[in-house]
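Report on the following structure.
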Amino acid sequence: MAVNVGIIGSGLIARLAHAPGYQKAGANIVATADLVEDRAKQLAEDFSIAHTYTDYRELLARPDIEAVSICVPNYMHKEITIAALEAGKHVLCEKPMAMTVEEATAMLHASEKTGKILMLGFNNRFRSDVQRLKKVIDSGELGDIYYVKTGYIRRRGTPFGWFTVKEESGGGPVIDLGVHVIDMTRYLMGNPKPVSVMASTYRKFGHYTLMDTDAWCSSDVKEGLRTGEQFDVEDLATAMIRFDNGATMVVEASWASNIGERDSVYASLLGEKAGAQLTPELTVFSEQDGMLTDKKINTVNRNAHAEEIKHFVNCVKEGTTPISTARHGVEIQQILNAIYESAKLGRSVDIQSI
Ligand SMILES: NC(=O)c1ccc[n+]([C@@H]2O[C@H](COP(=O)([O-])OP(=O)(O)OC[C@H]3O[C@@H](n4cnc5c(N)ncnc54)[C@H](O)[C@@H]3O)[C@@H](O)[C@H]2O)c1
């Protein structure tokens, strides 16, 4: 039997990832809801979705819907996720989990209380190279991983709109891009618990216009309903995160910076027996018979969003726990908010275990 799902928020990520992902996974998309009626109707038309709503509560009131995707701006994640769980739906919530640790913790508690799945949309875990490297790491080939260097940095790629307004997003590239690589590498490390963070954030660009960017921006800006000039978040951050197993992660995230590449996502993981890098291609660095070796591992080009959604649909069908849980979401939220706190205070901040 196909799983019946709903999509709340009919904007860009719903259109590019969730609607096609559910179709590919064989789920039945029963309804979509968006404050902007035409957007919901257009998504419905393009993906043969029978019902549209402007009030997400009406979608949640449908008894035939078993699971929903939350594809709304970050400031609405907590309210809609909790309402969906309490309405008896399993939830796939887009990243970041929320804007604050308090919000994320309330969402975790709602999933525990209702017994419904709350999976986080950490799509980078589902990349082919990440899944293969995870296998290599789980086999013990790298040994204990003690140092990770990662980043998600852009030359000019600020997603103007609600993304650049703190009240609606919770923060800038830390919460939009850093979240991806922090989660992806912590997952590869075996999800150690964060214990402290030392970070700096900068705002050097703010709003700008360029002749040749086609950057991601909110649907409201894309459709000319909002100017996108409001900007009160950072546009670059750098942080050092310590974990309870003694490992350290150094991470950078930017929407705008004067670098040579257009868009760069990288990760390098150092283990006591071997190291690995994801870019430009998955490679394991070690030593054999007194010689240094570089082992390249073939990867396939697969859509990480589609894999993430297939995994969610399977978890709903089988009643299994997803690989990216609500608890992971809260721990990542602790790191994100500690980065802002550390940058504000100008010193290292501690993180208490949940
Ligand atoms: N995983 C990824 O790679 C990825 C990429 C982009 C965005 N995202 C996340 O997806 C979420 C949405 O981002 P987007 O780029 O699609 O933004 P968007 O602005 O294009 O779309 C958001 C939609 O939500 C609607 N909305 C707002 N409040 C609502 C409400 N109360 N009820 C119903 N609809 C409401 C808006 O009208 C809009 O159509 C964000 O949390 C973002 O961080 C994830």
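As shown in the structure tokens, the chain order sets the letters A, B, ...; within each chain, residues go from 1, and ligands are also counted from 1 in the order they appear.
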
Margin query: as an MDAnalysis selection string, please: the residues near A:Arg327 (cut-off 8 Å, only C-alpha atoms, same-chain neighbours under 3 positions excluded).
Written below: chainID A and resid 108 330:331

Item checked: Test item: residues lying within 7 Å of ligand 1 with only C-alpha atoms and all ligand atoms, as a ChimeraX atom specification -> /A:8-14,33-36,39,54-56,71-74,76,94-96,121-123,162,176,217-220

Write out, as a compact mmCIF listing (two decimals), in the first residue's frame, the residues just selected, with C-alpha atoms.
# COMPACT_ATOMS: atom_id res chain seq x y z
CA ILE A 8 3.22 21.81 4.16
CA GLY A 9 4.88 24.76 2.42
CA SER A 10 4.73 24.62 -1.39
CA GLY A 11 7.85 26.72 -2.06
CA LEU A 12 11.19 25.88 -3.61
CA ILE A 13 12.34 22.90 -1.56
CA ALA A 14 8.87 21.35 -1.78
CA ALA A 33 -0.74 23.67 1.99
CA ASP A 34 0.74 27.13 1.57
CA LEU A 35 -0.18 30.62 2.75
CA VAL A 36 0.12 31.68 -0.90
CA ARG A 39 1.81 28.47 -5.08
CA THR A 54 -4.05 27.82 2.74
CA ASP A 55 -4.39 26.72 6.39
CA TYR A 56 -2.07 23.81 7.23
CA CYS A 71 8.85 22.81 4.03
CA VAL A 72 8.13 26.23 5.56
CA PRO A 73 10.54 28.94 6.79
CA ASN A 74 12.48 28.04 9.94
CA MET A 76 7.34 27.94 11.58
CA GLU A 94 13.45 20.34 6.72
CA LYS A 95 16.74 21.53 8.14
CA PRO A 96 17.51 23.31 10.41
CA GLY A 121 15.94 16.52 6.52
CA PHE A 122 19.72 16.14 6.70
CA ASN A 123 19.96 15.20 3.01
CA TRP A 162 13.16 35.27 4.98
CA ASP A 176 21.42 27.45 6.40
CA CYS A 217 16.20 32.77 -2.56
CA SER A 218 12.82 32.53 -0.89
CA SER A 219 9.81 32.05 -3.15
CA ASP A 220 8.48 35.48 -2.09

Next item on the list: Measuring atom to atom with only C-alpha atoms, identify which of A:Asn4, A:Ala326, A:Gly21, A:Arg15 is nearest to A:Gln42.
Entry: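 Ranking A:Asn4, A:Ala326, A:Gly21, A:Arg15 by distance to A:Gln42, first place goes to A:Arg15.
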
Next item on the list: Please indicate the distance in Å from atom CA of A:Tyr146 to atom CA of A:Glu341, rounded to one decimal place.
Entry: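 Taking atom CA of A:Tyr146 and atom CA of A:Glu341, their separation equals 24.6 Å.
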
Item checked: Spatial neighbours of stretch 87-90 of chain A, 7 Å, only C-alpha atoms, chain gap at least 2 places, as a ChimeraX atom specification -> /A:60,66-68,83-85,116-118
